[in-house]
$ cat entry_29.txt   # compact mmCIF, C-alpha atoms and all ligand atoms
# COMPACT_ATOMS: atom_id res chain seq x y z
CA MET U 1 -88.49 -16.87 58.19
CA ALA U 2 -87.11 -17.35 54.70
CA VAL U 3 -85.94 -20.82 53.82
CA ILE U 4 -83.20 -21.39 51.28
CA ASP U 5 -84.61 -23.73 48.62
CA SER U 6 -82.05 -26.51 48.44
CA ILE U 7 -80.45 -26.42 51.87
CA SER U 8 -81.82 -25.81 55.32
CA LEU U 9 -81.00 -22.61 57.09
CA ALA U 10 -80.12 -24.64 60.19
CA SER U 11 -77.31 -26.26 58.17
CA LYS U 12 -76.02 -22.82 57.17
CA PHE U 13 -75.99 -21.71 60.82
CA ARG U 14 -73.91 -24.80 61.70
CA GLY U 15 -71.64 -24.30 58.70
CA CYS U 16 -70.93 -20.74 59.79
CA LEU U 17 -69.90 -21.50 63.37
CA VAL U 18 -68.05 -24.73 62.51
CA GLY U 19 -66.28 -22.86 59.70
CA CYS U 20 -65.24 -20.13 62.13
CA LEU U 21 -63.87 -22.70 64.61
CA LEU U 22 -62.14 -24.81 61.98
CA GLY U 23 -60.33 -21.86 60.39
CA ASP U 24 -59.03 -20.81 63.80
CA CYS U 25 -57.91 -24.30 64.90
CA LEU U 26 -56.28 -25.27 61.60
CA GLY U 27 -54.81 -21.83 60.89
CA ALA U 28 -53.33 -21.27 64.36
CA PRO U 29 -50.16 -23.41 63.88
CA TYR U 30 -49.17 -21.12 60.98
CA GLU U 31 -49.94 -17.75 62.61
CA GLY U 32 -47.20 -15.24 61.79
CA ASP U 33 -45.59 -17.41 59.08
CA TYR U 34 -44.87 -16.09 55.59
CA GLY U 35 -44.08 -17.94 52.36
CA ILE U 36 -45.93 -21.06 53.52
CA SER U 37 -45.30 -23.84 50.99
CA LYS U 38 -48.49 -24.85 49.16
CA SER U 39 -47.30 -28.48 49.01
CA VAL U 40 -46.60 -28.61 52.76
CA LEU U 41 -50.08 -27.23 53.36
CA GLN U 42 -51.58 -29.73 50.92
CA LYS U 43 -50.00 -32.58 52.91
CA TYR U 44 -51.16 -31.01 56.20
CA PHE U 45 -54.77 -31.00 55.00
CA GLU U 46 -54.55 -34.48 53.45
CA LYS U 47 -53.25 -35.88 56.70
CA LEU U 48 -56.00 -34.18 58.69
CA GLU U 49 -58.72 -35.22 56.31
CA GLY U 50 -58.07 -38.90 56.45
CA PRO U 51 -59.22 -41.44 55.43
CA TYR U 52 -58.77 -42.21 59.14
CA PHE U 53 -58.79 -39.79 62.02
CA LYS U 54 -55.41 -39.38 63.66
CA SER U 55 -54.84 -37.25 66.74
CA PRO U 56 -53.81 -34.70 67.92
CA VAL U 57 -56.73 -32.35 68.09
CA LYS U 58 -55.91 -28.70 67.35
CA GLN U 59 -56.59 -26.12 70.03
CA TYR U 60 -58.53 -22.98 69.29
CA THR U 61 -57.28 -19.48 70.11
CA ASP U 62 -58.79 -16.12 71.13
CA ASP U 63 -60.84 -16.01 67.91
CA ALA U 64 -63.02 -18.99 68.85
CA ALA U 65 -62.79 -18.22 72.59
CA MET U 66 -64.42 -14.81 72.09
CA THR U 67 -66.90 -16.19 69.52
CA LYS U 68 -67.93 -18.69 72.19
CA CYS U 69 -68.58 -15.85 74.68
CA LEU U 70 -70.76 -13.99 72.21
CA ALA U 71 -72.72 -17.13 71.29
CA GLU U 72 -73.24 -18.12 74.93
CA SER U 73 -74.43 -14.64 75.85
CA LEU U 74 -76.94 -14.41 72.98
CA ILE U 75 -78.26 -17.89 73.84
CA ALA U 76 -78.55 -17.18 77.58
CA GLN U 77 -80.05 -13.69 77.28
CA GLU U 78 -81.94 -14.11 73.98
CA LYS U 79 -80.99 -10.49 73.29
CA PHE U 80 -77.87 -8.39 72.88
CA ASP U 81 -76.61 -7.56 76.37
CA ALA U 82 -73.30 -5.66 76.29
CA LEU U 83 -72.63 -5.98 80.01
CA ASP U 84 -73.17 -9.74 79.95
CA ILE U 85 -70.86 -10.11 76.92
CA ALA U 86 -68.14 -8.02 78.60
CA LYS U 87 -68.34 -10.18 81.73
CA ARG U 88 -68.04 -13.35 79.65
CA PHE U 89 -64.98 -11.99 77.79
CA VAL U 90 -63.29 -11.22 81.10
CA LYS U 91 -64.18 -14.55 82.71
CA GLU U 92 -63.01 -16.47 79.65
CA TYR U 93 -59.74 -14.53 79.50
CA PHE U 94 -58.84 -15.03 83.18
CA ASN U 95 -59.80 -18.73 82.98
CA ASN U 96 -57.45 -19.21 80.05
CA PRO U 97 -55.20 -16.24 79.29
CA ARG U 98 -52.95 -18.32 77.03
CA HIS U 99 -55.23 -18.31 74.02
CA GLY U 100 -53.01 -15.92 72.03
CA TYR U 101 -54.98 -12.72 72.56
CA GLY U 102 -54.06 -9.44 70.83
CA GLN U 103 -51.30 -7.62 72.68
CA GLN U 104 -53.35 -4.65 73.86
CA VAL U 105 -56.88 -6.02 74.18
CA VAL U 106 -55.97 -7.75 77.46
CA ASP U 107 -55.57 -4.32 79.09
CA ILE U 108 -59.32 -3.90 78.63
CA PHE U 109 -60.07 -7.13 80.49
CA HIS U 110 -57.92 -6.01 83.43
CA LYS U 111 -59.58 -2.58 83.50
CA LEU U 112 -63.10 -4.01 83.24
CA ARG U 113 -62.43 -6.26 86.21
CA ALA U 114 -60.85 -3.43 88.22
CA GLN U 115 -63.79 -1.04 87.63
CA LYS U 116 -66.29 -3.87 88.38
CA PHE U 117 -67.94 -3.47 84.98
CA GLU U 118 -69.32 -0.03 85.87
CA ASP U 119 -68.90 1.12 82.25
CA PRO U 120 -68.39 -1.85 79.90
CA PHE U 121 -67.60 0.46 76.97
CA GLY U 122 -65.19 2.72 78.91
CA PRO U 123 -61.82 0.90 78.83
CA ALA U 124 -61.91 0.29 75.06
CA LYS U 125 -62.09 4.05 74.45
CA GLU U 126 -58.73 4.51 76.22
CA GLN U 127 -56.82 2.11 73.96
CA PHE U 128 -53.94 3.49 71.87
CA ASP U 129 -53.98 6.92 73.54
CA GLY U 130 -57.67 7.30 72.91
CA SER U 131 -57.68 6.45 69.19
CA GLY U 132 -59.07 2.96 69.87
CA SER U 133 -58.01 -0.39 68.41
CA TYR U 134 -58.20 -1.03 64.67
CA GLY U 135 -57.32 -4.71 65.14
CA ASN U 136 -59.48 -7.50 63.72
CA GLY U 137 -60.59 -8.74 67.17
CA GLY U 138 -64.17 -7.45 66.74
CA ALA U 139 -64.54 -9.06 63.31
CA MET U 140 -63.08 -12.45 64.24
CA ARG U 141 -65.78 -13.11 66.87
CA VAL U 142 -68.87 -11.59 65.21
CA SER U 143 -70.45 -14.66 63.52
CA PRO U 144 -73.00 -15.52 66.25
CA LEU U 145 -74.43 -12.00 66.02
CA ALA U 146 -74.74 -12.26 62.22
CA LEU U 147 -76.79 -15.43 62.79
CA PHE U 148 -78.85 -13.84 65.58
CA CYS U 149 -79.76 -10.90 63.29
CA TYR U 150 -80.51 -13.07 60.25
CA SER U 151 -83.91 -11.45 59.62
CA ASN U 152 -83.08 -7.85 60.48
CA TYR U 153 -80.31 -6.04 58.61
CA GLU U 154 -80.72 -2.71 60.47
CA GLU U 155 -80.47 -4.47 63.82
CA LEU U 156 -77.42 -6.35 62.56
CA VAL U 157 -75.51 -3.18 61.72
CA ASN U 158 -76.37 -1.48 65.03
CA LEU U 159 -75.70 -4.43 67.32
CA VAL U 160 -72.53 -5.47 65.53
CA ARG U 161 -71.10 -2.00 65.97
CA ARG U 162 -71.89 -2.06 69.69
CA SER U 163 -70.42 -5.55 70.06
CA ALA U 164 -67.18 -4.33 68.50
CA GLU U 165 -67.05 -1.19 70.63
CA LEU U 166 -66.58 -3.26 73.79
CA THR U 167 -62.95 -3.63 72.62
CA HIS U 168 -62.53 -1.75 69.31
CA THR U 169 -63.54 1.92 69.14
CA HIS U 170 -61.39 2.91 66.14
CA LYS U 171 -63.68 3.37 63.10
CA GLN U 172 -61.65 0.84 61.11
CA GLY U 173 -62.04 -1.63 63.99
CA TYR U 174 -65.82 -1.51 64.17
CA ASP U 175 -66.43 -0.94 60.45
CA GLY U 176 -64.34 -4.05 59.73
CA THR U 177 -66.55 -5.93 62.17
CA ILE U 178 -69.65 -4.68 60.35
CA LEU U 179 -68.17 -5.74 56.98
CA GLN U 180 -67.42 -9.28 58.23
CA ALA U 181 -70.96 -9.57 59.65
CA ILE U 182 -72.51 -8.32 56.41
CA ALA U 183 -70.48 -10.86 54.41
CA VAL U 184 -71.72 -13.71 56.64
CA HIS U 185 -75.27 -12.33 56.43
CA GLN U 186 -75.16 -12.21 52.61
CA SER U 187 -73.84 -15.78 52.48
CA LEU U 188 -76.66 -17.00 54.73
CA HIS U 189 -79.23 -15.57 52.36
CA LEU U 190 -77.82 -17.20 49.20
CA ASP U 191 -78.59 -20.63 47.75
CA PRO U 192 -75.34 -22.58 47.23
CA LYS U 193 -76.95 -24.71 44.52
CA GLU U 194 -77.03 -21.63 42.31
CA THR U 195 -73.73 -20.41 40.86
CA LEU U 196 -72.25 -17.76 43.12
CA ASP U 197 -72.17 -14.38 41.39
CA VAL U 198 -68.82 -13.24 42.72
CA HIS U 199 -69.03 -9.77 41.20
CA ASN U 200 -72.51 -9.15 42.53
CA PHE U 201 -71.54 -10.41 46.02
CA SER U 202 -68.74 -7.86 46.23
CA THR U 203 -70.74 -5.05 44.60
CA GLN U 204 -73.42 -5.51 47.25
CA LEU U 205 -70.77 -5.29 49.97
CA ILE U 206 -69.43 -2.06 48.46
CA GLN U 207 -72.93 -0.58 48.30
CA LYS U 208 -73.63 -1.47 51.93
CA MET U 209 -70.26 -0.12 53.10
CA SER U 210 -71.00 3.17 51.30
CA GLN U 211 -73.81 3.68 53.84
CA ILE U 212 -71.57 2.68 56.75
CA GLU U 213 -68.66 4.90 55.66
CA LYS U 214 -70.64 7.97 54.67
CA ASP U 215 -70.21 9.60 58.10
CA CYS U 216 -66.58 10.37 57.20
CA GLU U 217 -67.51 12.46 54.16
CA GLY U 218 -66.25 16.02 54.19
CA LEU U 219 -63.86 15.54 57.10
CA GLY U 220 -60.78 16.08 54.91
CA LEU U 221 -59.46 12.55 55.47
CA ASP U 222 -56.96 11.08 52.99
CA ASP U 223 -59.40 8.28 52.28
CA PRO U 224 -62.81 8.56 53.98
CA TYR U 225 -63.86 5.21 52.45
CA PRO U 226 -61.04 2.76 53.25
CA TYR U 227 -63.17 -0.41 53.17
CA GLN U 228 -64.76 0.51 49.85
CA THR U 229 -61.27 1.16 48.51
CA GLN U 230 -60.05 -2.27 49.64
CA LEU U 231 -63.17 -4.00 48.30
CA LYS U 232 -62.72 -2.34 44.91
CA LYS U 233 -59.10 -3.54 44.83
CA MET U 234 -60.43 -6.98 45.71
CA GLN U 235 -62.81 -6.83 42.74
CA VAL U 236 -59.94 -5.99 40.39
CA LEU U 237 -58.04 -9.06 41.65
CA LEU U 238 -61.13 -11.26 41.25
CA ASP U 239 -61.84 -9.96 37.74
CA LYS U 240 -58.31 -10.67 36.47
CA LYS U 241 -58.13 -13.33 33.75
CA GLU U 242 -54.73 -14.69 34.76
CA ASP U 243 -54.12 -16.08 38.25
CA THR U 244 -53.12 -13.67 40.98
CA HIS U 245 -49.88 -14.46 42.80
CA ASP U 246 -50.09 -14.74 46.55
CA ALA U 247 -47.53 -11.95 46.94
CA GLU U 248 -49.84 -9.59 45.04
CA VAL U 249 -52.82 -10.55 47.22
CA GLU U 250 -50.75 -9.99 50.34
CA LYS U 251 -49.44 -6.65 49.08
CA THR U 252 -52.82 -5.39 47.86
CA LEU U 253 -55.21 -6.68 50.53
CA GLY U 254 -52.88 -7.55 53.42
CA THR U 255 -52.67 -10.40 55.93
CA SER U 256 -52.10 -8.43 59.14
CA VAL U 257 -54.00 -8.13 62.44
CA ALA U 258 -55.46 -4.78 61.28
CA ALA U 259 -59.13 -5.22 60.36
CA LEU U 260 -58.66 -3.15 57.18
CA TYR U 261 -55.92 -5.50 55.99
CA SER U 262 -57.56 -8.79 56.91
CA VAL U 263 -61.38 -8.65 56.64
CA PRO U 264 -61.40 -7.90 52.86
CA THR U 265 -58.69 -10.57 52.50
CA ALA U 266 -60.95 -13.16 54.15
CA ILE U 267 -63.83 -12.21 51.85
CA PHE U 268 -61.47 -12.48 48.88
CA CYS U 269 -60.45 -16.02 49.96
CA PHE U 270 -64.09 -17.14 50.00
CA LEU U 271 -64.88 -15.60 46.61
CA ARG U 272 -61.64 -16.76 44.94
CA ALA U 273 -62.00 -20.31 46.28
CA CYS U 274 -65.38 -21.00 44.67
CA THR U 275 -63.35 -22.07 41.61
CA PRO U 276 -60.10 -24.14 41.53
CA ILE U 277 -56.82 -22.58 42.69
CA PRO U 278 -53.41 -23.80 41.45
CA GLU U 279 -51.58 -26.09 43.90
CA ILE U 280 -54.65 -26.56 46.09
CA ASP U 281 -55.85 -30.03 45.26
CA THR U 282 -59.39 -30.51 46.51
CA ASP U 283 -62.87 -30.55 44.96
CA ASN U 284 -64.33 -29.11 48.15
CA PRO U 285 -64.71 -25.31 47.93
CA PHE U 286 -65.08 -24.94 51.70
CA ARG U 287 -61.77 -26.69 52.35
CA ARG U 288 -60.24 -24.73 49.45
CA THR U 289 -61.30 -21.46 51.12
CA VAL U 290 -59.64 -22.34 54.44
CA GLN U 291 -56.54 -23.89 52.87
CA TYR U 292 -56.05 -20.87 50.60
CA ALA U 293 -56.54 -18.41 53.49
CA ILE U 294 -53.83 -20.17 55.51
CA SER U 295 -51.49 -20.32 52.50
CA LEU U 296 -51.41 -16.50 52.34
CA GLY U 297 -49.63 -16.43 55.72
CA GLY U 298 -49.64 -13.65 58.34
CA ASP U 299 -52.69 -13.65 60.59
CA THR U 300 -53.65 -17.15 59.43
CA ASP U 301 -55.92 -18.22 62.28
CA THR U 302 -58.06 -15.11 62.05
CA ILE U 303 -58.23 -14.79 58.26
CA ALA U 304 -58.99 -18.52 57.90
CA SER U 305 -61.59 -18.26 60.68
CA MET U 306 -63.37 -15.28 59.08
CA ALA U 307 -63.20 -16.86 55.59
CA GLY U 308 -64.39 -20.19 57.04
CA ALA U 309 -67.40 -18.52 58.68
CA ILE U 310 -68.43 -16.84 55.42
CA ALA U 311 -67.89 -20.03 53.39
CA GLY U 312 -69.70 -22.22 55.95
CA ALA U 313 -72.65 -19.81 55.98
CA TYR U 314 -72.84 -20.12 52.21
CA TYR U 315 -72.27 -23.86 51.60
CA GLY U 316 -73.80 -25.21 54.83
CA TYR U 317 -72.58 -27.78 57.32
CA GLY U 318 -72.79 -30.79 54.98
CA ILE U 319 -69.75 -29.66 53.02
CA VAL U 320 -67.37 -29.73 56.01
CA SER U 321 -65.34 -32.95 56.14
CA GLU U 322 -65.96 -34.99 59.28
CA ASN U 323 -62.30 -35.64 59.93
CA LEU U 324 -61.40 -31.97 59.65
CA GLN U 325 -64.10 -31.27 62.24
CA LYS U 326 -62.79 -34.00 64.52
CA HIS U 327 -59.41 -32.29 64.53
CA CYS U 328 -60.86 -29.20 66.15
CA GLU U 329 -61.32 -28.73 69.85
CA ALA U 330 -64.97 -27.89 70.72
CA THR U 331 -66.68 -28.81 67.42
CA GLU U 332 -69.64 -30.37 69.25
CA GLN U 333 -69.99 -27.25 71.37
CA PHE U 334 -70.05 -24.99 68.31
CA ILE U 335 -72.67 -27.17 66.62
CA GLU U 336 -74.80 -26.86 69.75
CA TYR U 337 -74.44 -23.04 69.71
CA ALA U 338 -75.49 -22.95 66.05
CA ASP U 339 -78.57 -25.09 66.70
CA LYS U 340 -79.63 -23.00 69.70
CA LEU U 341 -79.12 -19.74 67.80
CA TYR U 342 -81.16 -21.15 64.95
CA LYS U 343 -84.02 -21.98 67.32
CA ILE U 344 -83.97 -18.48 68.82
CA THR U 345 -83.74 -16.80 65.43
CA ALA U 346 -86.48 -18.95 63.90
CA SER U 347 -88.88 -18.12 66.75
CA LYS U 348 -88.37 -14.34 66.55
C1 LIG U 401 -52.44 -12.43 68.29
C2 LIG U 401 -51.47 1.21 66.58
C3 LIG U 401 -52.79 -0.67 66.64
C4 LIG U 401 -53.96 0.13 66.81
C5 LIG U 401 -53.80 1.56 66.85
C6 LIG U 401 -52.32 -3.14 66.48
C7 LIG U 401 -54.79 -12.38 67.97
C8 LIG U 401 -51.43 -3.35 67.71
C9 LIG U 401 -55.94 -12.84 67.11
C10 LIG U 401 -52.22 -4.37 68.51
C11 LIG U 401 -56.06 -11.78 66.05
C12 LIG U 401 -52.82 -5.23 67.39
C13 LIG U 401 -55.63 -10.54 66.76
C14 LIG U 401 -54.04 -6.03 67.80
C15 LIG U 401 -56.80 -9.77 67.31
C16 LIG U 401 -54.54 -1.94 66.79
N1 LIG U 401 -52.54 2.03 66.73
N2 LIG U 401 -51.56 -0.12 66.53
N3 LIG U 401 -54.84 2.41 66.98
N4 LIG U 401 -55.02 -0.68 66.89
N5 LIG U 401 -53.20 -1.96 66.63
O1 LIG U 401 -54.57 -5.64 70.83
O2 LIG U 401 -58.28 -8.35 69.51
O3 LIG U 401 -53.56 -12.86 67.53
O4 LIG U 401 -50.19 -3.89 67.28
O5 LIG U 401 -56.71 -4.52 70.04
O6 LIG U 401 -57.78 -6.72 67.65
O7 LIG U 401 -55.73 -14.12 66.54
O8 LIG U 401 -51.43 -5.14 69.38
O9 LIG U 401 -56.25 -6.97 69.68
O10 LIG U 401 -55.18 -12.04 65.00
O11 LIG U 401 -53.14 -4.31 66.37
O12 LIG U 401 -54.81 -10.94 67.84
O13 LIG U 401 -54.99 -5.19 68.37
O14 LIG U 401 -56.31 -8.70 68.03
P1 LIG U 401 -55.63 -5.50 69.80
P2 LIG U 401 -57.29 -7.63 68.70
MG MG U 402 -56.09 -16.03 67.47
MG MG U 403 -54.95 -14.13 64.59
$ encode --input "entry_29.txt" --output "structure tokens"
Amino acid sequence: MAVIDSISLASKFRGCLVGCLLGDCLGAPYEGDYGISKSVLQKYFEKLEGPYFKSPVKQYTDDAAMTKCLAESLIAQEKFDALDIAKRFVKEYFNNPRHGYGQQVVDIFHKLRAQKFEDPFGPAKEQFDGSGSYGNGGAMRVSPLALFCYSNYEELVNLVRRSAELTHTHKQGYDGTILQAIAVHQSLHLDPKETLDVHNFSTQLIQKMSQIEKDCEGLGLDDPYPYQTQLKKMQVLLDKKEDTHDAEVEKTLGTSVAALYSVPTAIFCFLRACTPIPEIDTDNPFRRTVQYAISLGGDTDTIASMAGAIAGAYYGYGIVSENLQKHCEATEQFIEYADKLYKITASK
């Protein structure tokens, strides 16, 4: 297994899952807000970061709850087992239905339980009159699978799509999940001690998505390549000399629960935050990523969680402030998942 020169891969695995959890926990209080004041957010982070830990601990939402299910299944089965994952989603939901799940996805959990898991992929196909969900629920939970498939890109693409299809059968739903997983995967393979080539990172994503989106060629769709379109818009924003206003980011990339208007936004947050951002006062690019993602408003828990997972996979666990971690419910549990997934992946 390849080892990143200056940082251990085990640290990157931890960074990814802790980043995912932290973005969810810290972003959740702002979910659905718009025009969030940068100075209020600065104070929020300063208070959380210390120097001393002060309670309360922030609760996670559906994003981390479903990530947990996926991690636990991969660890228990040591393989991708769709039926086992579906059962864990359902059990987790009925144990704690108040985790702020997407409005429609809960129908699937009820149907899966009613049909006794006869066809784990069946109920998702019936969502939205058969068109399937294009929400970001597949993408928000995918990190453990990106870790599990560290050494096998082909397997990653195939398994990630199947993992999404348990709840999201709309092409934009599962392609957004694939894009998020590819972004995490690319981050895992890069050395954070070398300067991040932002343009190359996004160009590689566009190239990979051209393979994923090619099955819509010739179907007469308005835009058969929606993710490539969004990623190209993202590149234009990143290449701009002057600073991009938040309103322009929100208008161009989006901050909604739709995967198409949130996954590229999360990737943008990671890439933009590797250099300083006005009104975000921190030297720590991981914290900057999460703080910036929340500042854009809208689906803050999910965008911060996805951006946090990509950033954590790039920088590694050592960059994540201890006090920020202490403010998140289940940090220890997520570290344990990362370590177990690393062991499984390293032995494959
Ligand atoms: C609340 C029309 C569609 C659609 C389609 C819209 C949590 C619906 C997490 C739906 C995440 C919403 C988020 C979410 C994750 C999707 N036609 N509208 N074909 N497909 N929508 O229910 O797991 O926060 O308005 O499948 O993807 O923190 O209610 O759930 O932010 O997207 O929810 O889609 O949601 P769902 P999800
Ligand atoms: Mg949530
Ligand atoms: Mg959300």
$ atom_distance --input "entry_29.txt" --atom1 "atom O12 of ligand LIG 401 (chain U)" --atom2 "atom CA of Ala293 of chain U"
16.3 Å
$ closest_atom_pairs --input "entry_29.txt" --of "segment 105-138 of chain U" --to "segment 163-179 of chain U" --cutoff "6 Å" --atoms "all atoms listed in the file" --output "Markdown table"
| residue | atom | partner | partner_atom | distance |
| --- | --- | --- | --- | --- |
| U:Phe121 | CA | U:Leu166 | CA | 5.0 |
| U:Ala124 | CA | U:Thr167 | CA | 4.7 |
| U:Lys125 | CA | U:Thr169 | CA | 5.9 |
| U:Ser131 | CA | U:His170 | CA | 6.0 |
| U:Gly132 | CA | U:His170 | CA | 4.4 |
| U:Ser133 | CA | U:His168 | CA | 4.8 |
| U:Tyr134 | CA | U:Gly173 | CA | 3.9 |
| U:Gly135 | CA | U:Gly173 | CA | 5.8 |
| U:Gly138 | CA | U:Ala164 | CA | 4.7 |
$ atom_distance --input "entry_29.txt" --atom1 "atom CA of Ser37 of chain U" --atom2 "atom CA of Ser295 of chain U"
7.3 Å
$ closest_residue --input "entry_29.txt" --among "U:Leu26, U:Leu147, U:Cys328, U:Leu48" --to "Leu74 of chain U" --atoms "only C-alpha atoms"
U:Leu147
$ closest_residue --input "entry_29.txt" --among "U:Tyr150, U:Tyr101, U:Phe128, U:Phe270" --to "ligand MG 403 (chain U)" --atoms "all atoms listed in the file"
U:Tyr101
$ atom_distance --input "entry_29.txt" --atom1 "atom CA of Gly102 of chain U" --atom2 "atom CA of Gly308 of chain U"
20.3 Å
$ closest_residue --input "entry_29.txt" --among "U:Leu324, U:Leu341, U:Ala64, U:Ile310" --to "ligand LIG 401 (chain U)" --atoms "all atoms listed in the file"
U:Ala64
$ residues_near_ligand --input "entry_29.txt" --ligand "ligand MG 402 (chain U)" --cutoff "6 Å" --atoms "all atoms listed in the file" --output "list in words"
Thr61, Asp62, Asp63, Gly100, Asp301 and Thr302 of chain U
$ closest_residue --input "entry_29.txt" --among "U:Ala114, U:Ser8, U:Ser256, U:Leu196" --to "Pro285 of chain U" --atoms "only C-alpha atoms"
U:Leu196
$ closest_residue --input "entry_29.txt" --among "U:Val40, U:Leu70, U:Cys216, U:Leu231" --to "Phe148 of chain U" --atoms "all atoms listed in the file"
U:Leu70
$ closest_residue --input "entry_29.txt" --among "U:Gln230, U:Gln325, U:Asn152, U:Gln103" --to "ligand MG 403 (chain U)" --atoms "only C-alpha atoms and all ligand atoms"
U:Gln103
$ residues_near_point --input "entry_29.txt" --point "(-69.0, -15.5, 80.0)" --cutoff "12 Å" --atoms "all atoms listed in the file" --output "list in words"
Ala65, Met66, Thr67, Lys68, Cys69, Leu70, Ala71, Glu72, Ser73, Leu74, Ile75, Ala76, Gln77, Asp81, Ala82, Leu83, Asp84, Ile85, Ala86, Lys87, Arg88, Phe89, Val90, Lys91, Glu92, Tyr93, Phe94 and Asn95 of chain U
$ residues_around --input "entry_29.txt" --residues "Pro278 of chain U" --least-positions-apart "3" --cutoff "10 Å" --atoms "only C-alpha atoms" --output "number ranges by chain"
U: 38, 243, 281, 292
$ residues_near_point --input "entry_29.txt" --point "(-54.9, -25.4, 48.2)" --cutoff "9 Å" --atoms "only C-alpha atoms" --output "PDB file with C-alpha atoms, in the frame of the given file"
ATOM      1  CA  LYS U  38     -48.490 -24.850  49.160  1.00  0.00           C
ATOM      2  CA  SER U  39     -47.300 -28.480  49.010  1.00  0.00           C
ATOM      3  CA  LEU U  41     -50.080 -27.230  53.360  1.00  0.00           C
ATOM      4  CA  GLN U  42     -51.580 -29.730  50.920  1.00  0.00           C
ATOM      5  CA  PHE U  45     -54.770 -31.000  55.000  1.00  0.00           C
ATOM      6  CA  ALA U 273     -62.000 -20.310  46.280  1.00  0.00           C
ATOM      7  CA  PRO U 276     -60.100 -24.140  41.530  1.00  0.00           C
ATOM      8  CA  ILE U 277     -56.820 -22.580  42.690  1.00  0.00           C
ATOM      9  CA  PRO U 278     -53.410 -23.800  41.450  1.00  0.00           C
ATOM     10  CA  GLU U 279     -51.580 -26.090  43.900  1.00  0.00           C
ATOM     11  CA  ILE U 280     -54.650 -26.560  46.090  1.00  0.00           C
ATOM     12  CA  ASP U 281     -55.850 -30.030  45.260  1.00  0.00           C
ATOM     13  CA  THR U 282     -59.390 -30.510  46.510  1.00  0.00           C
ATOM     14  CA  ARG U 287     -61.770 -26.690  52.350  1.00  0.00           C
ATOM     15  CA  ARG U 288     -60.240 -24.730  49.450  1.00  0.00           C
ATOM     16  CA  THR U 289     -61.300 -21.460  51.120  1.00  0.00           C
ATOM     17  CA  VAL U 290     -59.640 -22.340  54.440  1.00  0.00           C
ATOM     18  CA  GLN U 291     -56.540 -23.890  52.870  1.00  0.00           C
ATOM     19  CA  TYR U 292     -56.050 -20.870  50.600  1.00  0.00           C
ATOM     20  CA  ALA U 293     -56.540 -18.410  53.490  1.00  0.00           C
ATOM     21  CA  SER U 295     -51.490 -20.320  52.500  1.00  0.00           C
TER      22      SER U 295
END
$ closest_atom_pairs --input "entry_29.txt" --of "segment 231-324 of chain U" --to "segment 334-340 of chain U" --cutoff "12 Å" --atoms "only C-alpha atoms" --output "tab-separated table"
residue	atom	partner	partner_atom	distance
U:Ala309	CA	U:Ala338	CA	11.8
U:Gly312	CA	U:Ala338	CA	11.7
U:Ala313	CA	U:Ala338	CA	10.9
U:Gly316	CA	U:Ala338	CA	11.6
U:Tyr317	CA	U:Ile335	CA	9.3
$ residues_around --input "entry_29.txt" --residues "Phe201 of chain U" --least-positions-apart "2" --cutoff "9 Å" --atoms "all atoms listed in the file" --output "JSON, numbers by chain"
{"U": [183, 186, 187, 196, 197, 198, 199, 203, 204, 205, 206, 271]}
$ residues_around --input "entry_29.txt" --residues "Pro123 of chain U" --least-positions-apart "4" --cutoff "9 Å" --atoms "only C-alpha atoms" --output "ChimeraX atom specification"
/U:107-109,111-112,119,127,166-167
